[in-house]
Amino acid sequence: MVNGGVKLPIGYRFHPTDQELILHYLLPKSFASPLPSSIIPVFDVFFSHPLTFPGDQEEKKRYFFCKKRREVSSRTKISSNDGYWKPIGKEREIIACGRTVGIRRTLAFHETNKSSCKLNKTRWCMTEYCLAGFASTKQVSGEWAVYNVYERKASKGRRQRKSRGRDDEEDLNCIDFTIESDHETGPPPPSSPTSSDESGSII
């Protein structure tokens, strides 16, 4: 520990399993108990656009503690009016020691296009981890959740279309204009004499 924070080796990546995230981080946070490390900051993920979230944008996954919101509808608007988070897929149970200890679900971010007043689906997603079962019966510090924020890669079909487009351009720029011939360069060989030529004299 250095100045209240944990000093990690160069190149270290935080990559916990779902069970580790629930039992060793979210559960102690909900009980206001000491955490293994202070690697997960507290941040309101429903306040601003994902591009403004703290941390290194190059990281594939970033984790935040945040109070879970009770949505009135299936959409959770963010405070900056830049868009909303919408659940996608099904909720899944997290099992540890034969018991359900947590629930996870995925949310996709739709941003507001201020020029057209429309909403555009982005590649930003986050996985919400909440306590469940016996782990959620004695919470004393509010309903905390852990959010894993990341940006999805472009779809395979889109990458293939882009790749095909580049290949087509290269093919157009590299067309082979050479014409193959069965004969070597030079004058054509003399033709064999016909029957009429054989009867006549040679001059």
# chains A, B, ... in the order shown; residues from 1 in each chain; ligands from 1

call {"tool": "residues_around", "arguments": {"residues": "A:Arg92", "least_positions_apart": "4", "cutoff": "9 Å", "atoms": "only C-alpha atoms", "output": "list in words"}}
result
Gly102, Ile103, Arg104 and Arg105 of chain A

call {"tool": "write_last_selection", "arguments": {"atoms": "N, CA, C and O atoms", "output": "PDB file, in the first residue's frame"}}
result
ATOM      1  N   GLY A 102     -25.059 -13.659  -6.697  1.00  0.00           N
ATOM      2  CA  GLY A 102     -25.151 -12.419  -7.454  1.00  0.00           C
ATOM      3  C   GLY A 102     -25.938 -12.576  -8.736  1.00  0.00           C
ATOM      4  O   GLY A 102     -26.259 -13.681  -9.167  1.00  0.00           O
ATOM      5  N   ILE A 103     -26.244 -11.440  -9.316  1.00  0.00           N
ATOM      6  CA  ILE A 103     -26.939 -11.368 -10.601  1.00  0.00           C
ATOM      7  C   ILE A 103     -26.150 -10.418 -11.493  1.00  0.00           C
ATOM      8  O   ILE A 103     -25.715  -9.354 -11.047  1.00  0.00           O
ATOM      9  N   ARG A 104     -25.988 -10.807 -12.728  1.00  0.00           N
ATOM     10  CA  ARG A 104     -25.332  -9.914 -13.680  1.00  0.00           C
ATOM     11  C   ARG A 104     -26.225  -9.691 -14.891  1.00  0.00           C
ATOM     12  O   ARG A 104     -26.967 -10.585 -15.288  1.00  0.00           O
ATOM     13  N   ARG A 105     -26.134  -8.515 -15.464  1.00  0.00           N
ATOM     14  CA  ARG A 105     -26.856  -8.204 -16.695  1.00  0.00           C
ATOM     15  C   ARG A 105     -26.029  -7.204 -17.487  1.00  0.00           C
ATOM     16  O   ARG A 105     -25.166  -6.501 -16.935  1.00  0.00           O
TER      17      ARG A 105
END

call {"tool": "select_by_dssp", "arguments": {"residues": "stretch 11-58 of chain A", "states": "helix (DSSP H, G or I)", "output": "PyMOL selection string"}}
result
chain A and resi 18-30+50-52

call {"tool": "write_last_selection", "arguments": {"atoms": "all heavy atoms", "output": "compact mmCIF listing (two decimals), in the first residue's frame"}}
result
# COMPACT_ATOMS: atom_id res chain seq x y z
N ASP A 18 -16.33 -13.65 -12.00
CA ASP A 18 -17.60 -13.13 -11.46
C ASP A 18 -17.72 -13.43 -9.98
O ASP A 18 -18.17 -12.57 -9.19
CB ASP A 18 -18.78 -13.73 -12.22
CG ASP A 18 -18.84 -13.26 -13.67
OD1 ASP A 18 -18.09 -12.34 -14.03
OD2 ASP A 18 -19.65 -13.83 -14.43
N GLN A 19 -17.35 -14.64 -9.57
CA GLN A 19 -17.46 -15.02 -8.16
C GLN A 19 -16.52 -14.18 -7.29
O GLN A 19 -16.90 -13.73 -6.20
CB GLN A 19 -17.13 -16.51 -7.99
CG GLN A 19 -18.17 -17.45 -8.59
CD GLN A 19 -18.05 -17.61 -10.10
OE1 GLN A 19 -17.12 -17.08 -10.72
NE2 GLN A 19 -18.97 -18.35 -10.69
N GLU A 20 -15.29 -13.95 -7.76
CA GLU A 20 -14.34 -13.14 -7.00
C GLU A 20 -14.83 -11.70 -6.88
O GLU A 20 -14.70 -11.07 -5.83
CB GLU A 20 -12.98 -13.17 -7.68
CG GLU A 20 -12.29 -14.52 -7.60
CD GLU A 20 -11.07 -14.60 -8.49
OE1 GLU A 20 -10.93 -13.75 -9.40
OE2 GLU A 20 -10.25 -15.51 -8.26
N LEU A 21 -15.42 -11.19 -7.96
CA LEU A 21 -15.92 -9.81 -7.94
C LEU A 21 -17.04 -9.65 -6.92
O LEU A 21 -17.10 -8.64 -6.20
CB LEU A 21 -16.42 -9.45 -9.34
CG LEU A 21 -16.52 -7.97 -9.70
CD1 LEU A 21 -15.19 -7.28 -9.56
CD2 LEU A 21 -17.06 -7.82 -11.11
N ILE A 22 -17.93 -10.65 -6.82
CA ILE A 22 -19.05 -10.58 -5.89
C ILE A 22 -18.58 -10.79 -4.45
O ILE A 22 -18.88 -9.97 -3.55
CB ILE A 22 -20.12 -11.63 -6.25
CG1 ILE A 22 -20.80 -11.28 -7.58
CG2 ILE A 22 -21.15 -11.76 -5.14
CD1 ILE A 22 -21.69 -10.07 -7.53
N LEU A 23 -17.84 -11.86 -4.20
CA LEU A 23 -17.51 -12.25 -2.83
C LEU A 23 -16.40 -11.41 -2.21
O LEU A 23 -16.44 -11.13 -1.00
CB LEU A 23 -17.11 -13.73 -2.79
CG LEU A 23 -18.21 -14.73 -3.20
CD1 LEU A 23 -17.66 -16.15 -3.18
CD2 LEU A 23 -19.42 -14.61 -2.29
N HIS A 24 -15.44 -10.98 -2.99
CA HIS A 24 -14.27 -10.30 -2.41
C HIS A 24 -14.29 -8.79 -2.58
O HIS A 24 -13.48 -8.09 -1.95
CB HIS A 24 -12.99 -10.86 -3.04
CG HIS A 24 -12.77 -12.32 -2.75
ND1 HIS A 24 -12.30 -12.78 -1.54
CD2 HIS A 24 -13.00 -13.42 -3.52
CE1 HIS A 24 -12.22 -14.10 -1.57
NE2 HIS A 24 -12.65 -14.52 -2.76
N TYR A 25 -15.21 -8.28 -3.40
CA TYR A 25 -15.26 -6.83 -3.60
C TYR A 25 -16.64 -6.25 -3.31
O TYR A 25 -16.79 -5.34 -2.49
CB TYR A 25 -14.81 -6.47 -5.03
CG TYR A 25 -13.33 -6.66 -5.23
CD1 TYR A 25 -12.83 -7.87 -5.69
CD2 TYR A 25 -12.43 -5.64 -4.95
CE1 TYR A 25 -11.46 -8.06 -5.85
CE2 TYR A 25 -11.07 -5.81 -5.11
CZ TYR A 25 -10.59 -7.02 -5.55
OH TYR A 25 -9.24 -7.21 -5.71
N LEU A 26 -17.67 -6.76 -3.99
CA LEU A 26 -19.00 -6.17 -3.81
C LEU A 26 -19.58 -6.48 -2.44
O LEU A 26 -20.19 -5.61 -1.81
CB LEU A 26 -19.94 -6.67 -4.92
CG LEU A 26 -21.34 -6.07 -4.91
CD1 LEU A 26 -21.29 -4.55 -4.96
CD2 LEU A 26 -22.15 -6.62 -6.08
N LEU A 27 -19.41 -7.68 -1.98
CA LEU A 27 -19.95 -8.05 -0.66
C LEU A 27 -19.33 -7.23 0.46
O LEU A 27 -20.05 -6.64 1.27
CB LEU A 27 -19.76 -9.55 -0.43
CG LEU A 27 -20.50 -10.15 0.78
CD1 LEU A 27 -22.01 -9.95 0.65
CD2 LEU A 27 -20.19 -11.64 0.90
N PRO A 28 -18.00 -7.12 0.55
CA PRO A 28 -17.42 -6.25 1.59
C PRO A 28 -17.83 -4.78 1.44
O PRO A 28 -18.04 -4.09 2.43
CB PRO A 28 -15.91 -6.42 1.40
CG PRO A 28 -15.75 -7.73 0.72
CD PRO A 28 -16.95 -7.87 -0.16
N LYS A 29 -17.94 -4.30 0.20
CA LYS A 29 -18.35 -2.91 -0.02
C LYS A 29 -19.75 -2.68 0.52
O LYS A 29 -20.02 -1.65 1.16
CB LYS A 29 -18.31 -2.59 -1.52
CG LYS A 29 -18.68 -1.16 -1.87
CD LYS A 29 -17.64 -0.19 -1.38
CE LYS A 29 -17.93 1.23 -1.83
NZ LYS A 29 -16.93 2.20 -1.30
N SER A 30 -20.65 -3.62 0.33
CA SER A 30 -22.02 -3.48 0.81
C SER A 30 -22.10 -3.52 2.32
O SER A 30 -23.00 -2.92 2.92
CB SER A 30 -22.90 -4.58 0.19
OG SER A 30 -22.92 -4.48 -1.22
N PRO A 50 -19.93 7.66 -21.52
CA PRO A 50 -18.82 6.75 -21.24
C PRO A 50 -17.46 7.28 -21.65
O PRO A 50 -16.44 6.90 -21.06
CB PRO A 50 -19.19 5.50 -22.04
CG PRO A 50 -20.67 5.55 -22.18
CD PRO A 50 -21.03 6.99 -22.26
N LEU A 51 -17.41 8.16 -22.65
CA LEU A 51 -16.13 8.71 -23.08
C LEU A 51 -15.47 9.55 -22.00
O LEU A 51 -14.26 9.77 -22.03
CB LEU A 51 -16.32 9.55 -24.36
CG LEU A 51 -16.49 8.78 -25.66
CD1 LEU A 51 -16.81 9.72 -26.80
CD2 LEU A 51 -15.22 7.99 -25.99
N THR A 52 -16.27 10.05 -21.06
CA THR A 52 -15.73 10.92 -20.01
C THR A 52 -15.42 10.15 -18.72
O THR A 52 -15.03 10.77 -17.74
CB THR A 52 -16.72 12.06 -19.69
OG1 THR A 52 -17.93 11.50 -19.14
CG2 THR A 52 -17.08 12.83 -20.95

call {"tool": "residues_around", "arguments": {"residues": "A:Glu59", "least_positions_apart": "2", "cutoff": "10 Å", "atoms": "only C-alpha atoms", "output": "PyMOL selection string"}}
result
chain A and resi 13+55-57+61-62+149-151

call {"tool": "residues_around", "arguments": {"residues": "A:Gly89", "least_positions_apart": "5", "cutoff": "12 Å", "atoms": "only C-alpha atoms", "output": "list in words"}}
result
Arg104, Arg105, Thr106, Leu107, Ala108, Cys125 and Thr127 of chain A

call {"tool": "residues_around", "arguments": {"residues": "A:Phe65", "least_positions_apart": "4", "cutoff": "6 Å", "atoms": "only C-alpha atoms", "output": "PyMOL selection string"}}
result
chain A and resi 42+145-146
